[in-house]
Amino acid sequence: MRKVSGIVLLLWIAAATAAIFGPVQALADEIKMVGAITTIEIAGPDATTASATLKDNKTGELVTVIVNDDMTLDKFKDHRIVPGDEIRLKYEVKDGKNISKYFRKTAGC
């Protein structure tokens, strides 16, 4: 009986650890950066996606991200966000592509 209660206790500890540290792994997949836009490519006036290339302020690397959200696409189309603007960006890598999760001007927009 004592052995069974010990196993149950270990299972409870394992479940609690997974519940606490599981979400941290999900957050680790999200990449944050600040950088200036070098290019914006929109497929057309009715496009549902666009790609933007930014130069990372810390590393100097060029990073291309796919933007899907309507608010940012509208800002691209009416030129409220243009090349040269500094952007705060969060993205995650899915199937080898950088998909934007957060795309805002550092000065506000």
# chains A, B, ... in the order shown; residues from 1 in each chain; ligands from 1
>>> residues_around(residues="A:Asp56", least_positions_apart="4", cutoff="12 Å", atoms="only C-alpha atoms", output="PyMOL selection string")
chain A and resi 31-38+60-64+86-89
>>> write_last_selection(atoms="C-alpha atoms", output="PDB file, in the first residue's frame")
ATOM      1  CA  ILE A  31      11.227  35.764 -30.734  1.00  0.00           C
ATOM      2  CA  LYS A  32      11.301  39.485 -29.940  1.00  0.00           C
ATOM      3  CA  MET A  33      13.263  42.193 -31.721  1.00  0.00           C
ATOM      4  CA  VAL A  34      13.392  45.896 -32.524  1.00  0.00           C
ATOM      5  CA  GLY A  35      14.556  47.046 -35.923  1.00  0.00           C
ATOM      6  CA  ALA A  36      14.058  49.364 -38.868  1.00  0.00           C
ATOM      7  CA  ILE A  37      11.992  48.310 -41.872  1.00  0.00           C
ATOM      8  CA  THR A  38      14.048  48.007 -45.051  1.00  0.00           C
ATOM      9  CA  GLY A  60      22.387  44.041 -37.765  1.00  0.00           C
ATOM     10  CA  GLU A  61      20.865  40.928 -39.385  1.00  0.00           C
ATOM     11  CA  LEU A  62      18.044  41.206 -41.906  1.00  0.00           C
ATOM     12  CA  VAL A  63      14.912  39.339 -40.803  1.00  0.00           C
ATOM     13  CA  THR A  64      11.944  38.770 -43.112  1.00  0.00           C
ATOM     14  CA  GLU A  86      11.452  51.508 -36.261  1.00  0.00           C
ATOM     15  CA  ILE A  87       9.315  48.501 -35.314  1.00  0.00           C
ATOM     16  CA  ARG A  88       8.893  46.393 -32.174  1.00  0.00           C
ATOM     17  CA  LEU A  89       8.237  42.864 -33.370  1.00  0.00           C
TER      18      LEU A  89
END
>>> closest_residue(among="A:Val67, A:Leu54, A:Ile42, A:Ile7", to="A:Tyr102", atoms="only C-alpha atoms")
A:Val67
>>> residues_around(residues="stretch 71-79 of chain A", least_positions_apart="6", cutoff="9 Å", atoms="only C-alpha atoms", output="list in words")
Ile40, Ile42, Pro45, Ala47, Thr48, Thr49, Ala50, Phe103, Arg104 and Cys109 of chain A
>>> write_last_selection(atoms="C-alpha atoms", output="short mmCIF file (atom, residue, chain, number, x, y, z; two decimals), in the first residue's frame")
data_model
loop_
_atom_site.label_atom_id
_atom_site.label_comp_id
_atom_site.auth_asym_id
_atom_site.auth_seq_id
_atom_site.Cartn_x
_atom_site.Cartn_y
_atom_site.Cartn_z
CA ILE A 40 7.62 45.96 -47.44
CA ILE A 42 2.29 43.56 -50.47
CA PRO A 45 -4.68 45.92 -52.82
CA ALA A 47 -3.83 40.98 -50.24
CA THR A 48 -4.28 39.10 -46.96
CA THR A 49 -0.54 38.80 -46.28
CA ALA A 50 2.57 40.87 -46.74
CA PHE A 103 4.14 44.37 -35.20
CA ARG A 104 4.04 47.97 -33.89
CA CYS A 109 0.87 54.41 -34.40
#
>>> decode(residues="stretch 63-77 of chain A", atoms="N, CA and C atoms", output="compact mmCIF listing (two decimals), in the first residue's frame")
# COMPACT_ATOMS: atom_id res chain seq x y z
N VAL A 63 15.91 40.35 -41.16
CA VAL A 63 14.91 39.34 -40.80
C VAL A 63 13.65 39.62 -41.61
N THR A 64 13.18 38.62 -42.34
CA THR A 64 11.94 38.77 -43.11
C THR A 64 10.82 38.06 -42.37
N VAL A 65 9.70 38.77 -42.18
CA VAL A 65 8.55 38.20 -41.49
C VAL A 65 7.31 38.30 -42.37
N ILE A 66 6.41 37.36 -42.18
CA ILE A 66 5.12 37.35 -42.87
C ILE A 66 4.10 38.01 -41.93
N VAL A 67 3.39 39.02 -42.43
CA VAL A 67 2.39 39.74 -41.63
C VAL A 67 1.01 39.37 -42.14
N ASN A 68 0.14 38.90 -41.22
CA ASN A 68 -1.21 38.45 -41.59
C ASN A 68 -2.33 39.29 -40.99
N ASP A 69 -2.04 40.07 -39.96
CA ASP A 69 -3.15 40.75 -39.28
C ASP A 69 -3.63 41.96 -40.07
N ASP A 70 -4.95 42.13 -40.09
CA ASP A 70 -5.58 43.16 -40.91
C ASP A 70 -5.17 44.57 -40.53
N MET A 71 -5.01 44.84 -39.24
CA MET A 71 -4.66 46.19 -38.80
C MET A 71 -3.30 46.62 -39.37
N THR A 72 -2.31 45.75 -39.30
CA THR A 72 -0.98 46.08 -39.82
C THR A 72 -1.01 46.16 -41.34
N LEU A 73 -1.75 45.27 -41.99
CA LEU A 73 -1.85 45.34 -43.45
C LEU A 73 -2.46 46.66 -43.90
N ASP A 74 -3.49 47.14 -43.19
CA ASP A 74 -4.08 48.44 -43.51
C ASP A 74 -3.06 49.56 -43.34
N LYS A 75 -2.23 49.47 -42.32
CA LYS A 75 -1.20 50.50 -42.11
C LYS A 75 -0.15 50.47 -43.20
N PHE A 76 0.16 49.29 -43.73
CA PHE A 76 1.07 49.19 -44.87
C PHE A 76 0.44 49.85 -46.10
N LYS A 77 -0.84 49.54 -46.34
CA LYS A 77 -1.52 50.01 -47.55
C LYS A 77 -1.71 51.52 -47.57
